[in-house]
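Pasting data10.csv here (CSV, C-alpha atoms):
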```
chain,number,residue,atom,x,y,z
A,1,MET,CA,10.4,-18.5,-40.4
A,2,PRO,CA,12.3,-16.9,-37.5
A,3,ARG,CA,11.3,-17.2,-33.8
A,4,ALA,CA,12.0,-14.7,-31.0
A,5,PHE,CA,12.6,-15.3,-27.3
A,6,LEU,CA,12.4,-12.0,-25.3
A,7,VAL,CA,13.7,-12.8,-21.7
A,8,VAL,CA,13.5,-10.2,-19.0
A,9,MET,CA,15.8,-10.6,-16.0
A,10,ASP,CA,13.7,-8.7,-13.6
A,11,SER,CA,15.6,-5.9,-11.9
A,12,VAL,CA,19.1,-6.7,-13.4
A,13,GLY,CA,20.1,-3.1,-14.0
A,14,ILE,CA,23.5,-1.8,-15.0
A,15,GLY,CA,23.5,1.8,-13.6
A,16,GLY,CA,23.9,5.0,-15.5
A,17,ALA,CA,20.3,6.2,-15.9
A,18,PRO,CA,20.6,9.9,-16.8
A,19,ASP,CA,17.5,10.8,-14.7
A,20,ALA,CA,18.4,8.7,-11.6
A,21,ASP,CA,18.4,11.9,-9.5
A,22,ARG,CA,14.6,12.2,-9.9
A,23,PHE,CA,14.0,8.7,-8.3
A,24,PHE,CA,14.4,7.9,-4.7
A,25,ASN,CA,14.7,5.3,-2.0
A,26,GLY,CA,13.4,7.2,1.0
A,27,ASP,CA,15.3,10.5,0.9
A,28,THR,CA,18.2,9.1,-1.1
A,29,PRO,CA,18.3,9.6,-4.9
A,30,ASP,CA,19.1,6.6,-7.1
A,31,THR,CA,22.2,8.4,-8.5
A,32,GLY,CA,25.0,5.9,-8.6
A,33,ALA,CA,22.9,2.8,-8.1
A,34,ASN,CA,24.3,-0.1,-10.2
A,35,THR,CA,22.8,-3.5,-9.5
A,36,LEU,CA,25.3,-5.6,-11.4
A,37,ALA,CA,28.5,-3.6,-10.9
A,38,HIS,CA,27.9,-3.4,-7.1
A,39,ILE,CA,27.1,-7.2,-6.9
A,40,ALA,CA,30.3,-7.9,-8.8
A,41,GLU,CA,32.3,-5.6,-6.5
A,42,ALA,CA,30.9,-7.3,-3.4
A,43,CYS,CA,31.7,-10.7,-4.8
A,44,ALA,CA,35.3,-9.7,-5.7
A,45,GLN,CA,35.7,-8.3,-2.2
A,46,GLY,CA,34.5,-11.5,-0.4
A,47,ARG,CA,31.3,-9.8,0.8
A,48,ALA,CA,28.9,-12.3,-0.9
A,49,GLU,CA,29.9,-15.6,0.4
A,50,GLU,CA,26.6,-17.1,1.5
A,51,GLY,CA,25.9,-20.2,-0.6
A,52,ARG,CA,28.6,-19.2,-3.1
A,53,SER,CA,32.2,-17.9,-3.1
A,54,GLY,CA,34.6,-15.8,-5.0
A,55,PRO,CA,34.2,-13.4,-7.9
A,56,LEU,CA,30.9,-13.2,-9.8
A,57,HIS,CA,31.0,-15.9,-12.4
A,58,LEU,CA,28.8,-15.2,-15.4
A,59,PRO,CA,30.8,-16.5,-18.5
A,60,VAL,CA,27.7,-16.9,-20.8
A,61,LEU,CA,26.2,-13.5,-20.2
A,62,ASP,CA,29.6,-11.8,-20.2
A,63,GLY,CA,30.5,-13.6,-23.4
A,64,LEU,CA,27.3,-12.1,-25.0
A,65,GLY,CA,28.4,-8.6,-23.9
A,66,LEU,CA,27.2,-8.1,-20.3
A,67,GLY,CA,30.4,-6.5,-18.9
A,68,ALA,CA,30.7,-4.3,-22.0
A,69,ALA,CA,27.1,-3.2,-21.6
A,70,ILE,CA,27.8,-2.2,-18.0
A,71,ARG,CA,30.8,-0.1,-19.0
A,72,LEU,CA,28.8,1.5,-21.8
A,73,ALA,CA,25.8,2.3,-19.6
A,74,SER,CA,27.6,3.6,-16.5
A,75,GLY,CA,31.3,3.9,-17.2
A,76,SER,CA,31.8,1.3,-14.3
A,77,ALA,CA,33.9,-1.8,-14.6
A,78,ALA,CA,32.4,-4.9,-13.0
A,79,PRO,CA,35.1,-7.2,-11.6
A,80,GLY,CA,35.1,-10.5,-13.4
A,81,LEU,CA,33.0,-9.3,-16.3
A,82,GLU,CA,35.7,-8.4,-18.8
A,83,ALA,CA,35.1,-10.7,-21.8
A,84,GLU,CA,35.3,-9.7,-25.4
A,85,PRO,CA,31.6,-9.7,-26.5
A,86,LYS,CA,30.6,-12.4,-29.0
A,87,GLY,CA,26.9,-11.4,-29.3
A,88,ARG,CA,25.1,-8.2,-30.1
A,89,TRP,CA,25.1,-6.0,-27.1
A,90,GLY,CA,24.0,-2.6,-25.8
A,91,ALA,CA,22.3,-0.7,-23.1
A,92,ALA,CA,18.7,0.6,-22.9
A,93,THR,CA,17.4,3.7,-21.3
A,94,GLU,CA,13.8,4.1,-20.1
A,95,VAL,CA,11.7,7.3,-20.5
A,96,SER,CA,8.5,6.2,-18.8
A,97,PRO,CA,7.9,8.1,-15.5
A,98,GLY,CA,8.3,5.1,-13.2
A,99,LYS,CA,10.8,2.4,-12.2
A,100,ASP,CA,8.3,-0.3,-11.8
A,101,THR,CA,7.4,-3.6,-13.6
A,102,PRO,CA,4.5,-2.4,-15.8
A,103,SER,CA,6.4,0.7,-16.9
A,104,GLY,CA,9.5,-1.2,-17.9
A,105,HIS,CA,7.7,-4.1,-19.6
A,106,TRP,CA,5.2,-1.8,-21.5
A,107,GLU,CA,8.1,0.3,-22.8
A,108,LEU,CA,10.2,-2.8,-23.7
A,109,ALA,CA,7.1,-3.9,-25.7
A,110,GLY,CA,7.0,-0.6,-27.6
A,111,LEU,CA,4.7,1.6,-25.4
A,112,PRO,CA,6.2,4.2,-23.1
A,113,VAL,CA,3.7,4.8,-20.3
A,114,PRO,CA,1.6,7.8,-21.3
A,115,TRP,CA,0.6,9.0,-17.8
A,116,ASP,CA,1.9,9.4,-14.3
A,117,TRP,CA,1.0,6.6,-12.0
A,118,HIS,CA,-0.8,7.1,-8.7
A,119,TYR,CA,1.3,6.3,-5.6
A,120,PHE,CA,0.0,6.0,-2.1
A,121,PRO,CA,1.6,8.1,0.7
A,122,ASP,CA,4.1,6.5,3.1
A,123,THR,CA,1.8,7.2,6.1
A,124,VAL,CA,-0.3,5.1,8.4
A,125,PRO,CA,-3.0,4.9,7.2
A,126,ALA,CA,-1.9,4.9,3.6
A,127,PHE,CA,-5.2,4.3,1.9
A,128,PRO,CA,-8.4,6.4,1.8
A,129,GLU,CA,-11.2,5.2,4.0
A,130,PRO,CA,-13.7,4.7,1.1
A,131,LEU,CA,-11.3,2.3,-0.5
A,132,MET,CA,-10.9,0.3,2.7
A,133,ARG,CA,-14.7,0.1,3.0
A,134,ARG,CA,-14.9,-1.2,-0.5
A,135,VAL,CA,-12.3,-3.9,0.2
A,136,ALA,CA,-14.2,-5.0,3.3
A,137,GLU,CA,-17.5,-5.0,1.4
A,138,ILE,CA,-16.2,-7.2,-1.4
A,139,ALA,CA,-14.5,-9.6,1.1
A,140,GLY,CA,-17.6,-9.8,3.3
A,141,VAL,CA,-15.8,-8.8,6.4
A,142,GLU,CA,-16.0,-5.8,8.8
A,143,GLY,CA,-12.5,-4.4,8.3
A,144,THR,CA,-9.0,-4.7,7.0
A,145,LEU,CA,-5.5,-4.9,8.4
A,146,ALA,CA,-2.1,-3.1,8.0
A,147,ASN,CA,-3.1,-0.2,5.7
A,148,ARG,CA,0.5,1.0,5.2
A,149,HIS,CA,3.7,0.7,3.2
A,150,ALA,CA,5.4,-2.6,4.1
A,151,SER,CA,7.6,-5.4,3.0
A,152,GLY,CA,5.5,-8.4,1.9
A,153,THR,CA,7.2,-10.8,4.1
A,154,ALA,CA,7.3,-8.5,7.1
A,155,VAL,CA,3.6,-7.6,6.9
A,156,ILE,CA,2.4,-11.2,7.0
A,157,GLU,CA,4.7,-11.8,10.0
A,158,ALA,CA,3.2,-8.7,11.7
A,159,PHE,CA,-0.5,-9.3,10.9
A,160,GLY,CA,-0.7,-13.0,10.0
A,161,GLU,CA,-1.9,-14.2,13.4
A,162,GLU,CA,-4.6,-11.4,13.6
A,163,HIS,CA,-5.6,-12.2,10.0
A,164,LEU,CA,-6.2,-15.8,11.0
A,165,ARG,CA,-8.2,-14.8,14.0
A,166,ALA,CA,-10.4,-12.0,12.4
A,167,GLY,CA,-10.5,-13.1,8.8
A,168,TRP,CA,-9.7,-9.6,7.6
A,169,PRO,CA,-7.4,-9.1,4.5
A,170,ILE,CA,-4.0,-7.6,4.9
A,171,CYS,CA,-3.7,-4.5,2.7
A,172,TYR,CA,-0.3,-2.8,2.0
A,173,THR,CA,1.7,-1.0,-0.7
A,174,SER,CA,5.2,0.0,-1.6
A,175,ALA,CA,7.0,2.7,-3.4
A,176,ASP,CA,5.5,1.2,-6.7
A,177,SER,CA,2.1,2.1,-7.9
A,178,VAL,CA,0.5,-1.0,-6.4
A,179,PHE,CA,-2.3,-2.1,-4.0
A,180,GLN,CA,-1.4,-5.5,-2.5
A,181,ILE,CA,-3.7,-7.8,-0.5
A,182,ALA,CA,-2.3,-10.7,1.5
A,183,ALA,CA,-4.5,-13.5,2.8
A,184,HIS,CA,-4.1,-17.1,3.9
A,185,GLU,CA,-4.4,-19.4,1.0
A,186,GLU,CA,-6.3,-22.1,3.0
A,187,VAL,CA,-8.1,-20.3,5.8
A,188,PHE,CA,-9.2,-17.2,3.8
A,189,GLY,CA,-9.2,-19.1,0.6
A,190,LEU,CA,-7.2,-18.6,-2.7
A,191,ASP,CA,-10.3,-18.3,-4.9
A,192,ARG,CA,-11.8,-15.8,-2.5
A,193,LEU,CA,-8.6,-13.7,-2.5
A,194,LEU,CA,-8.4,-13.7,-6.3
A,195,HIS,CA,-12.1,-12.7,-6.6
A,196,LEU,CA,-11.5,-9.9,-4.1
A,197,CYS,CA,-8.5,-8.6,-6.1
A,198,GLU,CA,-10.2,-9.0,-9.5
A,199,THR,CA,-13.4,-7.2,-8.4
A,200,LEU,CA,-11.4,-4.4,-6.8
A,201,ALA,CA,-9.0,-3.9,-9.6
A,202,PRO,CA,-11.2,-1.5,-11.8
A,203,ASP,CA,-11.5,0.9,-8.8
A,204,LEU,CA,-7.7,1.1,-8.5
A,205,HIS,CA,-7.1,1.3,-12.2
A,206,ALA,CA,-9.5,4.3,-12.4
A,207,MET,CA,-7.1,6.0,-9.9
A,208,LYS,CA,-4.1,5.1,-12.3
A,209,VAL,CA,-2.8,2.6,-9.7
A,210,GLY,CA,-0.9,0.2,-11.9
A,211,ARG,CA,-1.6,-3.2,-10.3
A,212,VAL,CA,-3.7,-4.9,-7.7
A,213,ILE,CA,-1.7,-7.9,-6.5
A,214,ALA,CA,-3.0,-11.0,-4.7
A,215,ARG,CA,-0.4,-12.3,-2.2
A,216,PRO,CA,-1.5,-15.7,-0.8
A,217,PHE,CA,0.5,-17.3,2.0
A,218,VAL,CA,0.4,-20.4,4.1
A,219,GLY,CA,1.6,-21.4,7.6
A,220,THR,CA,0.9,-20.7,11.2
A,221,PRO,CA,2.2,-18.3,13.9
A,222,GLU,CA,4.1,-21.3,15.4
A,223,THR,CA,5.7,-22.5,12.2
A,224,GLY,CA,6.0,-19.2,10.4
A,225,PHE,CA,4.2,-17.8,7.3
A,226,THR,CA,5.4,-18.3,3.7
A,227,ARG,CA,4.2,-16.7,0.5
A,228,THR,CA,3.1,-19.2,-2.2
A,229,THR,CA,3.7,-19.1,-5.9
A,230,ASN,CA,0.0,-18.4,-6.6
A,231,ARG,CA,0.5,-14.7,-6.7
A,232,ARG,CA,-1.7,-12.9,-9.3
A,233,ASP,CA,-1.3,-9.4,-10.7
A,234,TYR,CA,-4.3,-7.5,-12.0
A,235,ALA,CA,-2.7,-4.8,-14.1
A,236,ILE,CA,-4.1,-2.0,-16.1
A,237,ALA,CA,-4.3,-3.1,-19.7
A,238,PRO,CA,-2.0,-1.2,-22.1
A,239,PRO,CA,-3.9,1.7,-23.8
A,240,ALA,CA,-2.5,1.0,-27.2
A,241,PRO,CA,-1.2,-2.1,-29.1
A,242,VAL,CA,2.1,-3.5,-28.0
A,243,LEU,CA,4.6,-6.1,-29.3
A,244,THR,CA,2.5,-9.0,-28.4
A,245,ASP,CA,-0.5,-7.6,-30.4
A,246,TRP,CA,1.8,-6.9,-33.3
A,247,VAL,CA,2.9,-10.5,-33.4
A,248,GLN,CA,-0.6,-11.9,-33.0
A,249,SER,CA,-2.1,-9.7,-35.7
A,250,ALA,CA,0.6,-11.0,-38.1
A,251,GLY,CA,-0.5,-14.5,-37.4
A,252,GLY,CA,2.3,-15.5,-34.9
A,253,ARG,CA,1.6,-17.3,-31.6
A,254,VAL,CA,2.6,-15.5,-28.4
A,255,TYR,CA,3.7,-17.4,-25.2
A,256,GLY,CA,3.9,-15.6,-21.8
A,257,VAL,CA,6.3,-17.2,-19.4
A,258,GLY,CA,6.1,-16.1,-15.7
A,259,LYS,CA,4.0,-13.0,-14.9
A,260,ILE,CA,3.9,-11.6,-18.5
A,261,GLY,CA,0.2,-12.5,-18.9
A,262,ASP,CA,-0.5,-10.6,-15.7
A,263,ILE,CA,1.6,-7.5,-16.6
A,264,PHE,CA,-0.2,-7.1,-20.0
A,265,SER,CA,-3.6,-8.2,-18.8
A,266,MET,CA,-3.4,-11.0,-21.3
A,267,THR,CA,-3.2,-8.5,-24.2
A,268,GLY,CA,-1.9,-10.3,-27.2
A,269,ILE,CA,-1.0,-13.5,-25.2
A,270,ASP,CA,-2.1,-16.9,-26.5
A,271,GLU,CA,-0.7,-19.1,-23.7
A,272,VAL,CA,0.7,-18.6,-20.2
A,273,ARG,CA,3.1,-20.8,-18.4
A,274,LYS,CA,3.9,-20.0,-14.7
A,275,GLY,CA,5.9,-21.3,-11.7
A,276,SER,CA,9.1,-20.6,-9.8
A,277,ASP,CA,12.1,-19.4,-11.8
A,278,ALA,CA,13.4,-22.9,-11.8
A,279,VAL,CA,10.1,-24.1,-13.3
A,280,LEU,CA,10.1,-21.2,-15.7
A,281,MET,CA,13.5,-22.1,-17.0
A,282,GLY,CA,12.0,-25.6,-17.9
A,283,HIS,CA,9.1,-23.9,-19.7
A,284,LEU,CA,11.6,-21.7,-21.6
A,285,SER,CA,13.6,-24.8,-22.6
A,286,ASP,CA,10.5,-26.6,-23.8
A,287,LEU,CA,9.5,-23.6,-25.9
A,288,VAL,CA,12.9,-23.4,-27.5
A,289,ALA,CA,12.4,-27.0,-28.5
A,290,GLU,CA,8.7,-26.7,-29.5
A,291,ALA,CA,7.5,-23.2,-30.3
A,292,GLU,CA,6.2,-22.6,-33.8
A,293,ASP,CA,7.9,-20.6,-36.5
A,294,GLY,CA,7.0,-16.9,-36.3
A,295,SER,CA,6.2,-17.2,-32.6
A,296,LEU,CA,7.2,-14.9,-29.8
A,297,THR,CA,8.1,-16.2,-26.3
A,298,PHE,CA,8.1,-13.4,-23.8
A,299,ALA,CA,9.5,-14.4,-20.4
A,300,ASN,CA,10.0,-12.8,-17.0
A,301,PHE,CA,12.3,-14.2,-14.3
A,302,VAL,CA,11.2,-12.4,-11.2
A,303,GLU,CA,13.2,-13.9,-8.3
A,304,PHE,CA,16.2,-11.7,-8.8
A,305,ASP,CA,13.9,-8.9,-7.8
A,306,SER,CA,11.3,-10.4,-5.4
A,307,LEU,CA,13.7,-12.7,-3.4
A,308,TYR,CA,16.9,-10.8,-3.4
A,309,GLY,CA,16.8,-7.2,-4.7
A,310,HIS,CA,14.0,-5.9,-2.4
A,311,ARG,CA,15.5,-7.9,0.5
A,312,ARG,CA,19.0,-6.4,-0.2
A,313,ASP,CA,20.5,-9.8,-0.3
A,314,ILE,CA,23.7,-9.5,-2.3
A,315,SER,CA,24.8,-13.2,-1.9
A,316,GLY,CA,21.3,-14.4,-2.9
A,317,TYR,CA,21.2,-12.2,-5.9
A,318,ALA,CA,24.7,-13.4,-7.0
A,319,ARG,CA,23.7,-17.0,-6.6
A,320,ALA,CA,20.6,-16.4,-8.7
A,321,LEU,CA,22.6,-14.7,-11.4
A,322,GLU,CA,25.1,-17.6,-11.5
A,323,TRP,CA,22.3,-20.1,-11.7
A,324,PHE,CA,20.7,-18.2,-14.5
A,325,ASP,CA,23.9,-17.9,-16.5
A,326,ALA,CA,24.5,-21.6,-16.3
A,327,GLU,CA,21.0,-22.4,-17.4
A,328,ILE,CA,21.1,-20.0,-20.4
A,329,GLY,CA,24.4,-21.6,-21.3
A,330,LYS,CA,22.5,-24.9,-21.7
A,331,LEU,CA,19.8,-23.2,-23.7
A,332,LEU,CA,21.9,-21.5,-26.3
A,333,PRO,CA,22.9,-24.7,-28.2
A,334,GLN,CA,19.2,-25.6,-28.5
A,335,LEU,CA,18.4,-22.5,-30.6
A,336,ARG,CA,17.5,-23.1,-34.2
A,337,ALA,CA,19.2,-21.3,-37.0
A,338,GLY,CA,17.7,-17.9,-37.4
A,339,ASP,CA,16.3,-17.7,-33.8
A,340,MET,CA,16.8,-14.6,-31.7
A,341,LEU,CA,17.2,-14.8,-27.9
A,342,LEU,CA,17.2,-11.3,-26.5
A,343,LEU,CA,18.0,-10.9,-22.8
A,344,THR,CA,17.2,-7.6,-21.0
A,345,ALA,CA,15.7,-6.2,-17.8
A,346,ASP,CA,12.9,-3.8,-16.8
A,347,HIS,CA,14.6,-1.7,-14.1
A,348,GLY,CA,17.2,-2.0,-11.4
A,349,ASN,CA,17.1,-3.2,-7.7
A,350,ASP,CA,20.6,-2.7,-6.4
A,351,PRO,CA,20.9,-5.0,-3.3
A,352,SER,CA,23.7,-2.8,-2.0
A,353,TRP,CA,21.5,0.3,-2.0
A,354,VAL,CA,19.6,2.0,0.8
A,355,GLY,CA,15.9,1.2,1.3
A,356,THR,CA,14.0,-1.7,-0.3
A,357,ASP,CA,12.7,-0.1,-3.5
A,358,HIS,CA,13.7,-0.5,-7.2
A,359,THR,CA,16.5,1.7,-8.5
A,360,ARG,CA,16.4,3.8,-11.7
A,361,GLU,CA,19.0,2.3,-14.0
A,362,ARG,CA,19.8,1.5,-17.6
A,363,VAL,CA,19.5,-2.2,-18.5
A,364,PRO,CA,21.5,-4.6,-20.6
A,365,VAL,CA,20.4,-5.7,-24.1
A,366,LEU,CA,22.2,-9.0,-25.1
A,367,ILE,CA,21.2,-10.9,-28.2
A,368,ALA,CA,22.2,-14.5,-29.1
A,369,GLY,CA,21.7,-16.1,-32.5
A,370,GLN,CA,22.1,-12.9,-34.5
A,371,GLY,CA,25.9,-12.5,-34.8
A,372,GLY,CA,27.9,-9.9,-33.0
A,373,GLY,CA,28.4,-6.1,-32.7
A,374,GLU,CA,27.6,-3.2,-30.6
A,375,LEU,CA,24.0,-1.8,-30.5
A,376,GLY,CA,25.1,1.3,-28.5
A,377,LEU,CA,22.8,3.2,-26.2
A,378,ILE,CA,19.2,2.6,-27.2
A,379,GLY,CA,15.7,3.1,-25.8
A,380,PHE,CA,13.6,0.5,-24.0
A,381,ASN,CA,11.1,0.8,-26.9
A,382,ASP,CA,13.9,0.0,-29.4
A,383,VAL,CA,13.8,-3.6,-27.9
A,384,ALA,CA,10.3,-4.0,-29.4
A,385,GLY,CA,11.6,-2.8,-32.7
A,386,LEU,CA,14.5,-5.2,-32.7
A,387,VAL,CA,12.1,-8.2,-32.1
A,388,ALA,CA,9.5,-6.9,-34.6
A,389,ARG,CA,12.1,-6.5,-37.3
A,390,HIS,CA,13.5,-10.0,-36.6
A,391,LEU,CA,10.0,-11.5,-36.9
A,392,GLY,CA,9.0,-9.3,-39.9
A,393,VAL,CA,6.0,-7.9,-38.1
A,394,THR,CA,4.7,-4.3,-38.4
A,395,PRO,CA,4.0,-2.1,-35.3
A,396,LEU,CA,0.4,-1.2,-34.9
A,397,ASP,CA,-1.0,2.2,-33.9
```
Could you spell out this file's structure in structure tokens?
Amino acid sequence: MPRAFLVVMDSVGIGGAPDADRFFNGDTPDTGANTLAHIAEACAQGRAEEGRSGPLHLPVLDGLGLGAAIRLASGSAAPGLEAEPKGRWGAATEVSPGKDTPSGHWELAGLPVPWDWHYFPDTVPAFPEPLMRRVAEIAGVEGTLANRHASGTAVIEAFGEEHLRAGWPICYTSADSVFQIAAHEEVFGLDRLLHLCETLAPDLHAMKVGRVIARPFVGTPETGFTRTTNRRDYAIAPPAPVLTDWVQSAGGRVYGVGKIGDIFSMTGIDEVRKGSDAVLMGHLSDLVAEAEDGSLTFANFVEFDSLYGHRRDISGYARALEWFDAEIGKLLPQLRAGDMLLLTADHGNDPSWVGTDHTRERVPVLIAGQGGGELGLIGFNDVAGLVARHLGVTPLD
């Protein structure tokens, strides 16, 4: 029986979204954003030389059709990505009214988001007072800190010392539909932070806020603060069956690698494997070797987005792409006959763009193990259809 590996390269967009003018970073519309093409241009021009050098080098992804997908999606040529495709390739367009992680992943799994998410205003304070009282009540403290839009690393630098002194959780948001709580993993306590977020999540979900995110960190004011890998997302459960449910109901086992279990609230997931992207690549390699016939492995590699896209770090993003390309190159020979490895993304996050938010873009669809040929311009939800047909499972209503 066939197996499928659906791998999301978080934020690796390729430009060209037809509705990009409706999505913004600050006052600037996302029109013209192109994560991969702009990284490739910066590399070719010598503007991405930190920890790497020269043109962007992605021979494996480009050989599957990455450069061709960029040209199809946006009409832009990406320097160094000019290979003749050997895999099946195309570009996917999102219809969900958001450029965030849940919207992208739900639609890739066959379910466009059926509502408008709630977003908090970019004001200080950003959150309503009853919500802040609820946070303090659950945490057993007298108040909260921050209460604003902020970068996750900047907000712990600004409020970390006060948090250690007062014991109050740091609450912040972004342009996404999220409510994030940062707390010191040792002083406040990881279990206490997770309990706070899990208990609070239903209140936020009722407001159609997509995720409550626990953001633990460690360190001191003297040595600096660092976020840990023990992040946990408490997301709204999909309101209808998605690809993972389809596979499970047909008797297949579903593995979530990275934050997939969090994104789907464990809907249709049998087993989760977490860690840094380097650790996740090891998990993916193990599953290529071990996963059962008829199984789906659904993986998300988040560090393109979390470490480099939001921080507008072109060199770092390029390094991550080149590392990923080399690791996928090692993986491809391990695929069994009949396996499908489908590589895609959930949105863009152009590190050359203004602001710090995601960018509305089309995404690549690259398939190894299933011959070659152009898929053309497809929808995000068509990705679920490609995987379902490969596994011989039927979509559920």
Skipping near chain neighbours, those fewer than 4 positions away, what residues fall within 10 Å of Ala183 in chain A using all atoms listed in the file, listed as a CSV table (one decimal) with C-alpha atoms, in the frame of the given file?
```csv
chain,number,residue,atom,x,y,z
A,156,ILE,CA,2.4,-11.2,7.0
A,159,PHE,CA,-0.5,-9.3,10.9
A,160,GLY,CA,-0.7,-13.0,10.0
A,163,HIS,CA,-5.6,-12.2,10.0
A,164,LEU,CA,-6.2,-15.8,11.0
A,167,GLY,CA,-10.5,-13.1,8.8
A,168,TRP,CA,-9.7,-9.6,7.6
A,169,PRO,CA,-7.4,-9.1,4.5
A,170,ILE,CA,-4.0,-7.6,4.9
A,171,CYS,CA,-3.7,-4.5,2.7
A,187,VAL,CA,-8.1,-20.3,5.8
A,188,PHE,CA,-9.2,-17.2,3.8
A,189,GLY,CA,-9.2,-19.1,0.6
A,190,LEU,CA,-7.2,-18.6,-2.7
A,192,ARG,CA,-11.8,-15.8,-2.5
A,193,LEU,CA,-8.6,-13.7,-2.5
A,194,LEU,CA,-8.4,-13.7,-6.3
A,214,ALA,CA,-3.0,-11.0,-4.7
A,215,ARG,CA,-0.4,-12.3,-2.2
A,216,PRO,CA,-1.5,-15.7,-0.8
A,217,PHE,CA,0.5,-17.3,2.0
A,218,VAL,CA,0.4,-20.4,4.1
A,227,ARG,CA,4.2,-16.7,0.5
```
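With distances restricted to only C-alpha atoms, A:Leu287 is the closest residue to Val257 in chain A from A:Pro241, A:Leu332, A:Gly46, A:Leu287.
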Note to self: Taking 6 positions as the minimum chain separation for residues in the same chain, which residues sit within 7 Å of range 139-154 of chain A when counting only C-alpha atoms? Answer as an NGL selection string.
What the structure shows: :A and (122-127 or 132 or 168-174 or 196)
Checklist line | Residue neighbourhood range 343-347 of chain A, 6 Å, all atoms listed in the file, exclusion window fewer than 6 positions, as a PyMOL selection string | finding: chain A and resi 7-13+99+104-105+361+363-366
Store the residues picked out above in a file with C-alpha atoms, as an mmCIF file, keeping the file's coordinate frame.
```
data_model
loop_
_atom_site.group_PDB
_atom_site.id
_atom_site.type_symbol
_atom_site.label_atom_id
_atom_site.label_comp_id
_atom_site.auth_asym_id
_atom_site.auth_seq_id
_atom_site.Cartn_x
_atom_site.Cartn_y
_atom_site.Cartn_z
ATOM 1 C CA VAL A 7 13.700 -12.800 -21.700
ATOM 2 C CA VAL A 8 13.500 -10.200 -19.000
ATOM 3 C CA MET A 9 15.800 -10.600 -16.000
ATOM 4 C CA ASP A 10 13.700 -8.700 -13.600
ATOM 5 C CA SER A 11 15.600 -5.900 -11.900
ATOM 6 C CA VAL A 12 19.100 -6.700 -13.400
ATOM 7 C CA GLY A 13 20.100 -3.100 -14.000
ATOM 8 C CA LYS A 99 10.800 2.400 -12.200
ATOM 9 C CA GLY A 104 9.500 -1.200 -17.900
ATOM 10 C CA HIS A 105 7.700 -4.100 -19.600
ATOM 11 C CA GLU A 361 19.000 2.300 -14.000
ATOM 12 C CA VAL A 363 19.500 -2.200 -18.500
ATOM 13 C CA PRO A 364 21.500 -4.600 -20.600
ATOM 14 C CA VAL A 365 20.400 -5.700 -24.100
ATOM 15 C CA LEU A 366 22.200 -9.000 -25.100
#
```
Checklist line | Best match for closeness to Ala44 in chain A among A:Leu81, A:Val209, A:Ile367, A:Ala20, counting all atoms listed in the file | finding: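 Counting all atoms listed in the file, the residue closest to Ala44 in chain A is A:Leu81.
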Checklist line | Distance criterion (all atoms listed in the file): nearest to Ala326 in chain A out of A:Pro395, A:Ser265, A:Ser53, A:Met281 | finding: A:Met281
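Shortest atom-to-atom contact with Ala237 in chain A among A:Leu108, A:Arg253, A:Ser103, A:Pro130: A:Ser103, counting all atoms listed in the file.
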Margin query: Please report the interatomic distance between CA of Val279 in chain A and CA of Thr35 in chain A in Å with one decimal.
Written below: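 Straight-line distance from CA of Val279 in chain A to CA of Thr35 in chain A works out to 24.5 Å.
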Next item on the list: Find the residue from A:Ser352, A:Ser74, A:Ser177, A:Ser295 that sits nearest to Asp116 in chain A; use all atoms listed in the file when measuring.
Entry: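 Of A:Ser352, A:Ser74, A:Ser177, A:Ser295, the one nearest Asp116 in chain A is A:Ser177, counting all atoms listed in the file.
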Check: By how many Å are CA of Gly376 in chain A and CA of Gly90 in chain A apart?
Finding: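 Interatomic distance, CA of Gly376 in chain A to CA of Gly90 in chain A: 4.9 Å.
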Margin query: Counting only C-alpha atoms, which residue out of A:Ser76, A:Ser96, A:Thr226, A:Thr199 sits closest to Arg134 in chain A?
Written below: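 Comparing A:Ser76, A:Ser96, A:Thr226, A:Thr199 against Arg134 in chain A, the winner is A:Thr199.
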Next item on the list: Provide the CA of Glu107 in chain A to CA of Lys259 in chain A distance in Å, to one decimal place.
Entry: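 For CA of Glu107 in chain A relative to CA of Lys259 in chain A, the distance reads 16.0 Å.
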Checklist line | Neighbour list for range 21-25 of chain A as JSON, numbers by chain, cut-off 9 Å, only C-alpha atoms, skip fewer than 5 positions in-chain | finding: {"A": [30, 31, 32, 98, 99, 175, 353, 354, 355, 356, 357, 358, 359, 360]}
Item checked: Residue neighbourhood Arg273 in chain A, 7 Å, all atoms listed in the file, exclusion window fewer than 6 positions, as an MDAnalysis selection string -> chainID A and resid 256:258 283
Is it possible to get the residues within 7 Å of (24.0, -15.3, -17.6) (coordinates as in the file, counting only C-alpha atoms) written as a compact mmCIF listing (two decimals) with C-alpha atoms, keeping the file's coordinate frame?
```txt
# COMPACT_ATOMS: atom_id res chain seq x y z
CA LEU A 58 28.80 -15.20 -15.40
CA PRO A 59 30.80 -16.50 -18.50
CA VAL A 60 27.70 -16.90 -20.80
CA LEU A 61 26.20 -13.50 -20.20
CA LEU A 321 22.60 -14.70 -11.40
CA GLU A 322 25.10 -17.60 -11.50
CA PHE A 324 20.70 -18.20 -14.50
CA ASP A 325 23.90 -17.90 -16.50
CA ALA A 326 24.50 -21.60 -16.30
CA ILE A 328 21.10 -20.00 -20.40
```
